[in-house]
>>> print(open('run23.cif').read())   # mmCIF, C-alpha atoms
data_final
loop_
_atom_site.group_PDB
_atom_site.id
_atom_site.type_symbol
_atom_site.label_atom_id
_atom_site.label_comp_id
_atom_site.auth_asym_id
_atom_site.auth_seq_id
_atom_site.Cartn_x
_atom_site.Cartn_y
_atom_site.Cartn_z
ATOM 1 C CA MET A 1 0.000 0.000 0.000
ATOM 2 C CA ARG A 2 1.359 3.403 -1.011
ATOM 3 C CA GLU A 3 0.497 6.913 0.129
ATOM 4 C CA ILE A 4 0.073 8.943 -3.076
ATOM 5 C CA SER A 5 -1.144 12.131 -1.384
ATOM 6 C CA PRO A 6 -1.399 13.069 2.323
ATOM 7 C CA GLY A 7 -3.851 10.607 3.857
ATOM 8 C CA ILE A 8 -4.697 8.915 0.538
ATOM 9 C CA TYR A 9 -3.490 5.337 0.133
ATOM 10 C CA VAL A 10 -3.573 3.098 -2.925
ATOM 11 C CA GLU A 11 -3.016 -0.633 -3.248
ATOM 12 C CA THR A 12 -2.137 -1.690 -6.803
ATOM 13 C CA ASP A 13 -0.613 -5.121 -6.113
ATOM 14 C CA HIS A 14 -3.673 -7.073 -4.974
ATOM 15 C CA ARG A 15 -5.692 -9.478 -7.089
ATOM 16 C CA GLY A 16 -8.821 -8.238 -8.786
ATOM 17 C CA ALA A 17 -8.385 -4.486 -9.081
ATOM 18 C CA ASN A 18 -6.803 -1.417 -7.527
ATOM 19 C CA TYR A 19 -8.051 -0.315 -4.108
ATOM 20 C CA ALA A 20 -7.838 2.902 -2.136
ATOM 21 C CA GLY A 21 -8.388 4.318 1.323
ATOM 22 C CA ILE A 22 -8.995 8.009 1.959
ATOM 23 C CA VAL A 23 -8.382 9.144 5.509
ATOM 24 C CA THR A 24 -10.570 12.052 6.585
ATOM 25 C CA ASP A 25 -10.638 13.950 9.898
ATOM 26 C CA VAL A 26 -13.454 11.714 11.116
ATOM 27 C CA GLY A 27 -12.790 8.339 9.480
ATOM 28 C CA ILE A 28 -11.821 6.342 6.392
ATOM 29 C CA ILE A 29 -13.558 6.096 3.024
ATOM 30 C CA VAL A 30 -12.689 2.909 1.097
ATOM 31 C CA LEU A 31 -12.782 2.754 -2.698
ATOM 32 C CA ASP A 32 -13.539 -0.808 -3.802
ATOM 33 C CA SER A 33 -12.636 -3.831 -1.694
ATOM 34 C CA PRO A 34 -10.205 -6.709 -2.386
ATOM 35 C CA VAL A 35 -11.542 -9.952 -3.797
ATOM 36 C CA VAL A 36 -9.149 -12.296 -1.926
ATOM 37 C CA PRO A 37 -10.192 -12.544 1.752
ATOM 38 C CA SER A 38 -6.659 -12.465 3.203
ATOM 39 C CA GLN A 39 -5.842 -9.382 1.128
ATOM 40 C CA ALA A 40 -9.091 -7.685 2.140
ATOM 41 C CA ARG A 41 -8.312 -8.222 5.821
ATOM 42 C CA ALA A 42 -4.726 -7.026 5.391
ATOM 43 C CA PHE A 43 -5.901 -3.918 3.507
ATOM 44 C CA ARG A 44 -8.455 -3.170 6.235
ATOM 45 C CA ASP A 45 -5.933 -3.602 9.041
ATOM 46 C CA GLU A 46 -3.293 -1.488 7.311
ATOM 47 C CA LEU A 47 -5.783 1.353 6.804
ATOM 48 C CA ARG A 48 -6.662 1.204 10.472
ATOM 49 C CA ARG A 49 -2.984 1.345 11.378
ATOM 50 C CA VAL A 50 -2.022 4.302 9.167
ATOM 51 C CA SER A 51 -5.118 6.240 10.235
ATOM 52 C CA GLY A 52 -4.458 5.769 13.931
ATOM 53 C CA GLY A 53 -7.490 3.529 14.388
ATOM 54 C CA LYS A 54 -10.129 5.736 12.791
ATOM 55 C CA PRO A 55 -13.480 4.133 11.900
ATOM 56 C CA PHE A 56 -14.589 3.261 8.400
ATOM 57 C CA LEU A 57 -17.231 5.664 7.098
ATOM 58 C CA TYR A 58 -18.153 4.311 3.677
ATOM 59 C CA ILE A 59 -17.153 1.824 0.998
ATOM 60 C CA ILE A 60 -17.607 3.109 -2.539
ATOM 61 C CA ASN A 61 -17.920 0.381 -5.191
ATOM 62 C CA THR A 62 -17.108 1.721 -8.672
ATOM 63 C CA ASP A 63 -19.030 -1.150 -10.268
ATOM 64 C CA HIS A 64 -20.631 -4.483 -9.350
ATOM 65 C CA HIS A 65 -17.944 -6.917 -10.561
ATOM 66 C CA ARG A 66 -16.434 -9.351 -8.075
ATOM 67 C CA GLY A 67 -13.042 -7.629 -8.103
ATOM 68 C CA HIS A 68 -14.611 -4.509 -6.628
ATOM 69 C CA ILE A 69 -17.219 -5.778 -4.174
ATOM 70 C CA LEU A 70 -16.335 -9.137 -2.615
ATOM 71 C CA GLY A 71 -14.237 -7.650 0.189
ATOM 72 C CA ASN A 72 -17.130 -5.478 1.406
ATOM 73 C CA GLN A 73 -17.962 -8.078 4.049
ATOM 74 C CA PHE A 74 -14.662 -7.541 5.861
ATOM 75 C CA PHE A 75 -15.412 -3.874 6.525
ATOM 76 C CA GLN A 76 -18.830 -4.321 8.068
ATOM 77 C CA PRO A 77 -20.927 -2.586 9.335
ATOM 78 C CA THR A 78 -19.587 0.099 6.988
ATOM 79 C CA PRO A 79 -22.331 1.214 4.543
ATOM 80 C CA VAL A 80 -21.686 0.667 0.844
ATOM 81 C CA ILE A 81 -22.271 3.337 -1.813
ATOM 82 C CA ALA A 82 -22.714 2.435 -5.488
ATOM 83 C CA HIS A 83 -24.754 3.244 -8.555
ATOM 84 C CA GLU A 84 -28.349 1.990 -8.468
ATOM 85 C CA LEU A 85 -27.636 -0.478 -11.297
ATOM 86 C CA ALA A 86 -24.778 -1.962 -9.274
ATOM 87 C CA TRP A 87 -27.270 -2.513 -6.451
ATOM 88 C CA LYS A 88 -29.631 -4.210 -8.904
ATOM 89 C CA HIS A 89 -26.938 -6.676 -9.966
ATOM 90 C CA MET A 90 -25.526 -7.292 -6.502
ATOM 91 C CA LYS A 91 -28.866 -8.088 -4.869
ATOM 92 C CA GLY A 92 -29.221 -10.908 -7.385
ATOM 93 C CA TYR A 93 -25.883 -12.557 -6.545
ATOM 94 C CA GLY A 94 -26.809 -15.937 -5.148
ATOM 95 C CA ASP A 95 -25.290 -19.388 -4.810
ATOM 96 C CA ASN A 96 -24.413 -19.664 -8.508
ATOM 97 C CA PHE A 97 -22.412 -16.443 -8.389
ATOM 98 C CA LYS A 98 -20.613 -17.549 -5.235
ATOM 99 C CA GLN A 99 -19.741 -20.912 -6.765
ATOM 100 C CA ARG A 100 -18.315 -19.197 -9.862
ATOM 101 C CA VAL A 101 -16.079 -17.140 -7.585
ATOM 102 C CA ILE A 102 -14.825 -20.284 -5.869
ATOM 103 C CA ASP A 103 -14.337 -22.105 -9.170
ATOM 104 C CA SER A 104 -12.301 -19.208 -10.586
ATOM 105 C CA PHE A 105 -9.541 -20.094 -8.115
ATOM 106 C CA LYS A 106 -9.489 -23.843 -8.749
ATOM 107 C CA LYS A 107 -5.841 -23.646 -9.872
ATOM 108 C CA GLU A 108 -4.959 -21.827 -6.631
ATOM 109 C CA PRO A 109 -6.309 -24.044 -3.829
ATOM 110 C CA GLU A 110 -4.653 -21.947 -1.113
ATOM 111 C CA ILE A 111 -6.822 -19.000 -2.176
ATOM 112 C CA GLN A 112 -9.885 -21.086 -2.982
ATOM 113 C CA ALA A 113 -9.872 -22.444 0.574
ATOM 114 C CA GLN A 114 -10.388 -18.912 1.917
ATOM 115 C CA PHE A 115 -13.873 -18.626 0.425
ATOM 116 C CA THR A 116 -15.712 -20.448 3.189
ATOM 117 C CA ASP A 117 -18.426 -17.872 3.849
ATOM 118 C CA ILE A 118 -19.035 -15.462 0.977
ATOM 119 C CA GLN A 119 -21.410 -12.678 1.969
ATOM 120 C CA ILE A 120 -22.629 -10.175 -0.595
ATOM 121 C CA ILE A 121 -22.966 -6.767 1.029
ATOM 122 C CA VAL A 122 -25.243 -4.746 -1.209
ATOM 123 C CA PRO A 123 -25.202 -0.933 -1.314
ATOM 124 C CA LYS A 124 -27.239 0.938 1.285
ATOM 125 C CA VAL A 125 -26.765 4.245 -0.520
ATOM 126 C CA THR A 126 -27.354 4.484 -4.275
ATOM 127 C CA PHE A 127 -27.487 7.229 -6.884
ATOM 128 C CA SER A 128 -28.488 7.611 -10.510
ATOM 129 C CA HIS A 129 -26.041 10.186 -11.873
ATOM 130 C CA ARG A 130 -23.917 11.823 -9.177
ATOM 131 C CA LEU A 131 -23.472 11.754 -5.426
ATOM 132 C CA ASP A 132 -21.246 14.105 -3.421
ATOM 133 C CA VAL A 133 -19.703 12.919 -0.161
ATOM 134 C CA VAL A 134 -18.292 15.732 1.989
ATOM 135 C CA ARG A 135 -16.905 14.442 5.279
ATOM 136 C CA GLY A 136 -13.990 15.266 7.529
ATOM 137 C CA GLY A 137 -12.400 17.842 5.252
ATOM 138 C CA ARG A 138 -12.653 15.712 2.117
ATOM 139 C CA ASP A 139 -14.798 16.381 -0.944
ATOM 140 C CA LEU A 140 -15.551 13.317 -3.092
ATOM 141 C CA ARG A 141 -17.764 13.456 -6.155
ATOM 142 C CA ILE A 142 -19.035 10.079 -7.335
ATOM 143 C CA ILE A 143 -20.113 10.292 -10.963
ATOM 144 C CA ARG A 144 -21.596 7.604 -13.184
ATOM 145 C CA ILE A 145 -19.945 7.434 -16.611
ATOM 146 C CA GLY A 146 -20.973 3.922 -17.700
ATOM 147 C CA GLY A 147 -19.080 2.233 -20.510
ATOM 148 C CA HIS A 148 -17.276 -0.655 -18.851
ATOM 149 C CA THR A 149 -20.598 -1.526 -17.208
ATOM 150 C CA ALA A 150 -23.814 0.457 -17.043
ATOM 151 C CA ALA A 151 -22.981 1.176 -13.385
ATOM 152 C CA THR A 152 -19.320 2.187 -13.764
ATOM 153 C CA SER A 153 -18.544 5.321 -11.757
ATOM 154 C CA VAL A 154 -15.544 7.531 -11.098
ATOM 155 C CA VAL A 155 -14.586 9.322 -7.892
ATOM 156 C CA TRP A 156 -13.279 12.846 -8.373
ATOM 157 C CA MET A 157 -11.416 14.736 -5.638
ATOM 158 C CA PRO A 158 -11.249 18.308 -7.000
ATOM 159 C CA GLU A 159 -9.123 19.733 -4.170
ATOM 160 C CA GLU A 160 -6.413 17.155 -4.804
ATOM 161 C CA LYS A 161 -7.060 17.009 -8.577
ATOM 162 C CA LEU A 162 -7.055 13.252 -8.121
ATOM 163 C CA LEU A 163 -9.384 10.928 -10.012
ATOM 164 C CA PHE A 164 -10.229 7.289 -9.285
ATOM 165 C CA VAL A 165 -11.701 5.823 -12.469
ATOM 166 C CA GLY A 166 -12.360 2.168 -11.654
ATOM 167 C CA ASP A 167 -12.277 -0.105 -14.675
ATOM 168 C CA ALA A 168 -12.890 2.763 -17.089
ATOM 169 C CA VAL A 169 -9.097 2.718 -17.535
ATOM 170 C CA TRP A 170 -6.734 -0.264 -17.676
ATOM 171 C CA VAL A 171 -3.017 0.505 -17.997
ATOM 172 C CA ASP A 172 -1.020 -1.847 -20.259
ATOM 173 C CA GLN A 173 -3.767 -4.468 -20.087
ATOM 174 C CA HIS A 174 -6.591 -5.563 -22.349
ATOM 175 C CA PRO A 175 -9.817 -4.307 -20.751
ATOM 176 C CA TYR A 176 -12.738 -6.536 -19.880
ATOM 177 C CA MET A 177 -15.565 -5.560 -22.246
ATOM 178 C CA ALA A 178 -18.098 -8.387 -21.948
ATOM 179 C CA GLN A 179 -20.713 -6.068 -20.406
ATOM 180 C CA ALA A 180 -19.565 -2.894 -22.106
ATOM 181 C CA ASN A 181 -21.232 -0.207 -24.150
ATOM 182 C CA SER A 182 -18.298 0.808 -26.315
ATOM 183 C CA LYS A 183 -19.716 4.180 -27.446
ATOM 184 C CA GLU A 184 -20.574 5.117 -23.872
ATOM 185 C CA TRP A 185 -17.082 4.032 -22.795
ATOM 186 C CA LEU A 186 -15.514 6.411 -25.311
ATOM 187 C CA ASP A 187 -17.765 9.217 -24.088
ATOM 188 C CA GLY A 188 -16.744 8.428 -20.507
ATOM 189 C CA LEU A 189 -13.054 8.645 -21.379
ATOM 190 C CA THR A 190 -13.658 12.038 -22.965
ATOM 191 C CA TYR A 191 -15.382 13.158 -19.771
ATOM 192 C CA ILE A 192 -12.444 11.931 -17.693
ATOM 193 C CA ARG A 193 -10.031 13.994 -19.776
ATOM 194 C CA LYS A 194 -12.187 17.103 -19.334
ATOM 195 C CA LEU A 195 -11.789 16.902 -15.559
ATOM 196 C CA LYS A 196 -8.075 17.632 -16.057
ATOM 197 C CA ALA A 197 -6.883 15.487 -13.161
ATOM 198 C CA ASP A 198 -3.212 15.684 -12.249
ATOM 199 C CA ARG A 199 -3.211 11.973 -11.456
ATOM 200 C CA ILE A 200 -5.508 9.092 -12.279
ATOM 201 C CA VAL A 201 -5.852 5.858 -10.321
ATOM 202 C CA PRO A 202 -6.979 3.263 -12.892
ATOM 203 C CA GLY A 203 -8.909 0.103 -12.201
ATOM 204 C CA ARG A 204 -5.878 -1.958 -13.191
ATOM 205 C CA GLY A 205 -2.239 -0.950 -13.449
ATOM 206 C CA PRO A 206 -0.093 1.821 -11.953
ATOM 207 C CA VAL A 207 -1.180 5.350 -11.102
ATOM 208 C CA CYS A 208 -1.059 7.321 -14.342
ATOM 209 C CA GLY A 209 -1.847 10.560 -16.127
ATOM 210 C CA ARG A 210 -4.445 11.503 -18.716
ATOM 211 C CA GLU A 211 -2.343 9.949 -21.480
ATOM 212 C CA ALA A 212 -3.543 6.509 -20.363
ATOM 213 C CA THR A 213 -7.083 7.471 -21.353
ATOM 214 C CA ASP A 214 -5.871 8.270 -24.879
ATOM 215 C CA ARG A 215 -4.500 4.759 -25.280
ATOM 216 C CA MET A 216 -7.772 3.267 -24.043
ATOM 217 C CA SER A 217 -9.751 5.401 -26.488
ATOM 218 C CA GLU A 218 -7.484 4.400 -29.377
ATOM 219 C CA TYR A 219 -7.922 0.718 -28.519
ATOM 220 C CA ILE A 220 -11.710 0.872 -28.339
ATOM 221 C CA ARG A 221 -12.037 3.029 -31.459
ATOM 222 C CA TYR A 222 -9.763 0.679 -33.416
ATOM 223 C CA MET A 223 -11.705 -2.378 -32.305
ATOM 224 C CA ARG A 224 -15.026 -0.714 -33.205
ATOM 225 C CA ALA A 225 -13.714 0.308 -36.638
ATOM 226 C CA ARG A 226 -12.411 -3.178 -37.469
ATOM 227 C CA VAL A 227 -15.558 -4.939 -36.324
ATOM 228 C CA ARG A 228 -17.688 -2.453 -38.291
ATOM 229 C CA MET A 229 -15.643 -2.955 -41.449
ATOM 230 C CA TYR A 230 -15.918 -6.741 -41.364
ATOM 231 C CA TYR A 231 -19.592 -6.545 -40.356
ATOM 232 C CA ARG A 232 -20.318 -4.493 -43.473
ATOM 233 C CA GLN A 233 -18.480 -7.143 -45.497
ATOM 234 C CA SER A 234 -21.062 -9.637 -44.181
ATOM 235 C CA LYS A 235 -18.513 -11.763 -42.355
ATOM 236 C CA THR A 236 -19.927 -13.997 -39.639
ATOM 237 C CA LYS A 237 -19.581 -13.123 -35.987
ATOM 238 C CA GLN A 238 -17.136 -16.002 -35.464
ATOM 239 C CA GLU A 239 -14.990 -14.872 -38.406
ATOM 240 C CA ILE A 240 -14.922 -11.314 -37.110
ATOM 241 C CA VAL A 241 -14.000 -12.361 -33.588
ATOM 242 C CA GLN A 242 -11.074 -14.499 -34.740
ATOM 243 C CA THR A 243 -9.773 -11.898 -37.223
ATOM 244 C CA VAL A 244 -9.984 -8.915 -34.887
ATOM 245 C CA LEU A 245 -8.445 -10.943 -32.065
ATOM 246 C CA ARG A 246 -5.306 -11.391 -34.150
ATOM 247 C CA GLU A 247 -5.258 -7.682 -34.961
ATOM 248 C CA VAL A 248 -5.631 -6.316 -31.421
ATOM 249 C CA ALA A 249 -3.821 -8.948 -29.326
ATOM 250 C CA GLY A 250 -0.528 -7.076 -29.588
ATOM 251 C CA TRP A 251 -1.861 -3.753 -28.341
ATOM 252 C CA PHE A 252 -1.114 -4.699 -24.740
ATOM 253 C CA PRO A 253 1.081 -7.394 -23.153
ATOM 254 C CA VAL A 254 -0.466 -10.858 -22.924
ATOM 255 C CA PRO A 255 1.261 -12.824 -20.132
ATOM 256 C CA THR A 256 2.015 -16.408 -21.087
ATOM 257 C CA LEU A 257 0.388 -17.803 -17.939
ATOM 258 C CA THR A 258 -2.903 -16.024 -18.647
ATOM 259 C CA LYS A 259 -2.827 -16.138 -22.457
ATOM 260 C CA SER A 260 -5.942 -18.280 -22.791
ATOM 261 C CA LYS A 261 -7.935 -16.203 -20.302
ATOM 262 C CA THR A 262 -6.832 -12.922 -21.870
ATOM 263 C CA GLU A 263 -7.702 -14.063 -25.385
ATOM 264 C CA SER A 264 -11.113 -15.206 -24.172
ATOM 265 C CA GLN A 265 -11.604 -11.783 -22.597
ATOM 266 C CA ILE A 266 -10.667 -10.025 -25.853
ATOM 267 C CA LYS A 267 -13.063 -12.247 -27.798
ATOM 268 C CA GLN A 268 -15.878 -11.321 -25.436
ATOM 269 C CA GLY A 269 -15.187 -7.647 -26.076
ATOM 270 C CA ILE A 270 -15.193 -8.101 -29.847
ATOM 271 C CA GLY A 271 -18.418 -10.072 -29.599
ATOM 272 C CA ARG A 272 -19.952 -7.314 -27.521
ATOM 273 C CA ILE A 273 -19.206 -4.720 -30.203
ATOM 274 C CA TRP A 274 -20.641 -7.067 -32.873
ATOM 275 C CA ASN A 275 -23.817 -7.316 -30.776
ATOM 276 C CA GLU A 276 -24.020 -3.519 -30.629
ATOM 277 C CA LEU A 277 -23.829 -3.307 -34.432
ATOM 278 C CA GLU A 278 -26.353 -6.105 -34.881
ATOM 279 C CA LYS A 279 -28.780 -4.429 -32.485
ATOM 280 C CA ALA A 280 -28.381 -1.083 -34.259
ATOM 281 C CA GLY A 281 -28.916 -2.792 -37.607
ATOM 282 C CA ARG A 282 -32.139 -4.451 -36.449
ATOM 283 C CA ALA A 283 -33.409 -1.153 -35.059
ATOM 284 C CA LYS A 284 -32.705 0.552 -38.407
ATOM 285 C CA GLU A 285 -34.557 -2.203 -40.277
ATOM 286 C CA LYS A 286 -37.593 -1.874 -38.017
ATOM 287 C CA ALA A 287 -37.613 1.890 -38.481
ATOM 288 C CA ALA A 288 -37.466 1.456 -42.262
ATOM 289 C CA GLU A 289 -40.321 -1.078 -42.181
ATOM 290 C CA ALA A 290 -42.442 1.244 -40.054
ATOM 291 C CA GLU A 291 -41.751 4.122 -42.431
ATOM 292 C CA ALA A 292 -42.710 1.972 -45.419
ATOM 293 C CA GLU A 293 -45.976 0.928 -43.728
ATOM 294 C CA GLU A 294 -46.863 4.542 -43.012
ATOM 295 C CA ALA A 295 -46.149 5.487 -46.614
ATOM 296 C CA GLY A 296 -48.392 2.631 -47.812
ATOM 297 C CA GLU A 297 -51.270 3.779 -45.621
ATOM 298 C CA GLU A 298 -51.098 7.237 -47.123
#
>>> encode(input="run23.cif", output="structure tokens")
Amino acid sequence: MREISPGIYVETDHRGANYAGIVTDVGIIVLDSPVVPSQARAFRDELRRVSGGKPFLYIINTDHHRGHILGNQFFQPTPVIAHELAWKHMKGYGDNFKQRVIDSFKKEPEIQAQFTDIQIIVPKVTFSHRLDVVRGGRDLRIIRIGGHTAATSVVWMPEEKLLFVGDAVWVDQHPYMAQANSKEWLDGLTYIRKLKADRIVPGRGPVCGREATDRMSEYIRYMRARVRMYYRQSKTKQEIVQTVLREVAGWFPVPTLTKSKTESQIKQGIGRIWNELEKAGRAKEKAAEAEAEEAGEE
């Protein structure tokens, strides 16, 4: 855990995502919570230590994915804040979701054994567009930007010119896009740049500057353009996925140990963009049919 600004701590070496703790005059605000139980407990205890034993005020979840929310249970009874769509997803996490979490660590039995009592702590405070938290001399503005998920939110600290962007930005990694809206993601990255933060804490990777958002935008725009081109050539979804995979795989490092998982993740993103085009195409066809029917009635 590293102090990147007075009283603001970031953990970028844990599994799942990046995590942060903001020490205020009256307590600690946690941004996302570690997925691995031992790391969640260690993160909690270290924040208590560096703060001099201050209480936890809130946990802010930047989206509803497991890497951001599973550690909530180790900070209880701290209330959770998240977008209303994150709440909608999280309240539906049942036994199947919990089993998928356990199964995801089947190659790491020492971690898998830690998941003996998974509790999903859903948000008690939700918002639709923006929520400001002003406590103990800190001003945090939680803003939904969507893109990565419909619930994805950023946390802007204007006094510090520091921005926590969740999984809206991945540094030197292929982003997870299986639930994405790629156009909304690009719009969100533009919004992030307009805030003119001095430093950005991404969802994955080291603390960075605004240049990291440019690389993300380039990646998504390139993927959209290639999928659109092949779609207009009437290639099948499977053909497009395989072709674009080869074209974008080299944009970011693909570790040998996670090559299969990373390629599957990229394929999901390509498929998501294909679905967006297919949906838009069907909507255009329906509009044309409706227009033709109206013309016939006249």
>>> closest_residue(input="run23.cif", among="A:Ile22, A:Ile69, A:Ile111, A:Ile59", to="Lys124 in chain A", atoms="all atoms listed in the file")
A:Ile59
>>> resolve_selection(input="run23.cif", expression="the PyMOL selection byres ((chain A and resi 135) around 8)", output="PyMOL selection string")
chain A and resi 24-26+133-134+136-139
>>> closest_residue(input="run23.cif", among="A:Leu189, A:Val122, A:Val35, A:Met216", to="Val101 in chain A", atoms="only C-alpha atoms")
A:Val35
>>> resolve_selection(input="run23.cif", expression="the PyMOL selection byres ((chain A and resi 73) around 10)", output="list in words")
Ser33, Pro37, Ala40, Arg41, Ile69, Leu70, Gly71, Asn72, Phe74, Phe75, Gln76, Pro77, Thr78, Asp117, Ile118, Gln119, Ile120, Ile121 and Val122 of chain A
>>> write_last_selection(input="run23.cif", atoms="C-alpha atoms", output="mmCIF file, keeping the file's coordinate frame")
data_model
loop_
_atom_site.group_PDB
_atom_site.id
_atom_site.type_symbol
_atom_site.label_atom_id
_atom_site.label_comp_id
_atom_site.auth_asym_id
_atom_site.auth_seq_id
_atom_site.Cartn_x
_atom_site.Cartn_y
_atom_site.Cartn_z
ATOM 1 C CA SER A 33 -12.636 -3.831 -1.694
ATOM 2 C CA PRO A 37 -10.192 -12.544 1.752
ATOM 3 C CA ALA A 40 -9.091 -7.685 2.140
ATOM 4 C CA ARG A 41 -8.312 -8.222 5.821
ATOM 5 C CA ILE A 69 -17.219 -5.778 -4.174
ATOM 6 C CA LEU A 70 -16.335 -9.137 -2.615
ATOM 7 C CA GLY A 71 -14.237 -7.650 0.189
ATOM 8 C CA ASN A 72 -17.130 -5.478 1.406
ATOM 9 C CA PHE A 74 -14.662 -7.541 5.861
ATOM 10 C CA PHE A 75 -15.412 -3.874 6.525
ATOM 11 C CA GLN A 76 -18.830 -4.321 8.068
ATOM 12 C CA PRO A 77 -20.927 -2.586 9.335
ATOM 13 C CA THR A 78 -19.587 0.099 6.988
ATOM 14 C CA ASP A 117 -18.426 -17.872 3.849
ATOM 15 C CA ILE A 118 -19.035 -15.462 0.977
ATOM 16 C CA GLN A 119 -21.410 -12.678 1.969
ATOM 17 C CA ILE A 120 -22.629 -10.175 -0.595
ATOM 18 C CA ILE A 121 -22.966 -6.767 1.029
ATOM 19 C CA VAL A 122 -25.243 -4.746 -1.209
#
>>> closest_residue(input="run23.cif", among="A:Asp132, A:Glu278, A:Glu110, A:Glu160", to="Ile4 in chain A", atoms="only C-alpha atoms")
A:Glu160
>>> closest_atom_pairs(input="run23.cif", of="range 209-264 of chain A", to="range 170-183 of chain A", cutoff="9 Å", atoms="all atoms listed in the file", output="tab-separated table")
residue	atom	partner	partner_atom	distance
A:Ala212	CA	A:Val171	CA	6.5
A:Thr213	CA	A:Trp170	CA	8.6
A:Arg215	CA	A:Val171	CA	8.6
A:Met216	CA	A:Trp170	CA	7.4
A:Tyr219	CA	A:His174	CA	8.9
A:Ile220	CA	A:Ser182	CA	6.9
A:Arg221	CA	A:Ser182	CA	8.4
A:Arg224	CA	A:Ser182	CA	7.8
A:Ala249	CA	A:His174	CA	8.2
A:Trp251	CA	A:His174	CA	7.8
A:Phe252	CA	A:Asp172	CA	5.3
A:Pro253	CA	A:Gln173	CA	6.4
A:Val254	CA	A:Gln173	CA	7.7
A:Thr262	CA	A:His174	CA	7.4
>>> write_last_selection(input="run23.cif", atoms="C-alpha atoms", output="mmCIF file, keeping the file's coordinate frame")
data_model
loop_
_atom_site.group_PDB
_atom_site.id
_atom_site.type_symbol
_atom_site.label_atom_id
_atom_site.label_comp_id
_atom_site.auth_asym_id
_atom_site.auth_seq_id
_atom_site.Cartn_x
_atom_site.Cartn_y
_atom_site.Cartn_z
ATOM 1 C CA ALA A 212 -3.543 6.509 -20.363
ATOM 2 C CA THR A 213 -7.083 7.471 -21.353
ATOM 3 C CA ARG A 215 -4.500 4.759 -25.280
ATOM 4 C CA MET A 216 -7.772 3.267 -24.043
ATOM 5 C CA TYR A 219 -7.922 0.718 -28.519
ATOM 6 C CA ILE A 220 -11.710 0.872 -28.339
ATOM 7 C CA ARG A 221 -12.037 3.029 -31.459
ATOM 8 C CA ARG A 224 -15.026 -0.714 -33.205
ATOM 9 C CA ALA A 249 -3.821 -8.948 -29.326
ATOM 10 C CA TRP A 251 -1.861 -3.753 -28.341
ATOM 11 C CA PHE A 252 -1.114 -4.699 -24.740
ATOM 12 C CA PRO A 253 1.081 -7.394 -23.153
ATOM 13 C CA VAL A 254 -0.466 -10.858 -22.924
ATOM 14 C CA THR A 262 -6.832 -12.922 -21.870
#
>>> closest_residue(input="run23.cif", among="A:His14, A:Pro158, A:Arg204, A:Glu247", to="Ala225 in chain A", atoms="only C-alpha atoms")
A:Glu247
>>> closest_residue(input="run23.cif", among="A:His68, A:Lys237, A:Arg2, A:His83", to="Leu47 in chain A", atoms="only C-alpha atoms")
A:Arg2
>>> residues_near_point(input="run23.cif", point="(-20.8, -1.6, -39.6)", cutoff="10 Å", atoms="all atoms listed in the file", output="VMD selection string")
chain A and resid 224 to 234 274 276 to 278 280 to 281
>>> residues_around(input="run23.cif", residues="Gln112 in chain A", least_positions_apart="5", cutoff="7 Å", atoms="only C-alpha atoms", output="JSON, numbers by chain")
{"A": [102, 105, 106]}
>>> closest_residue(input="run23.cif", among="A:Arg48, A:Lys267, A:His89, A:Lys259", to="Ala150 in chain A", atoms="only C-alpha atoms")
A:His89
>>> resolve_selection(input="run23.cif", expression="the PyMOL selection byres ((chain A and resi 245) around 8)", output="list in words")
Val241, Gln242, Thr243, Val244, Arg246, Glu247, Val248, Ala249, Glu263, Ile266, Lys267 and Ile270 of chain A
>>> atom_distance(input="run23.cif", atom1="CA of Lys261 in chain A", atom2="CA of Arg15 in chain A")
15.0 Å
>>> atom_distance(input="run23.cif", atom1="CA of Glu159 in chain A", atom2="CA of Gly67 in chain A")
27.9 Å
>>> atom_distance(input="run23.cif", atom1="CA of Leu186 in chain A", atom2="CA of Val169 in chain A")
10.7 Å
>>> axis_aligned_box(input="run23.cif", around="range 154-161 of chain A", padding_each_side="5 Å", output="JSON")
{"center_x": -11.0, "center_y": 13.6, "center_z": -7.6, "size_x": 19.1, "size_y": 22.2, "size_z": 16.9}
>>> residues_near_point(input="run23.cif", point="(-10.7, 13.2, -19.1)", cutoff="10 Å", atoms="only C-alpha atoms", output="PyMOL selection string")
chain A and resi 163+165+187-197+200+209-214
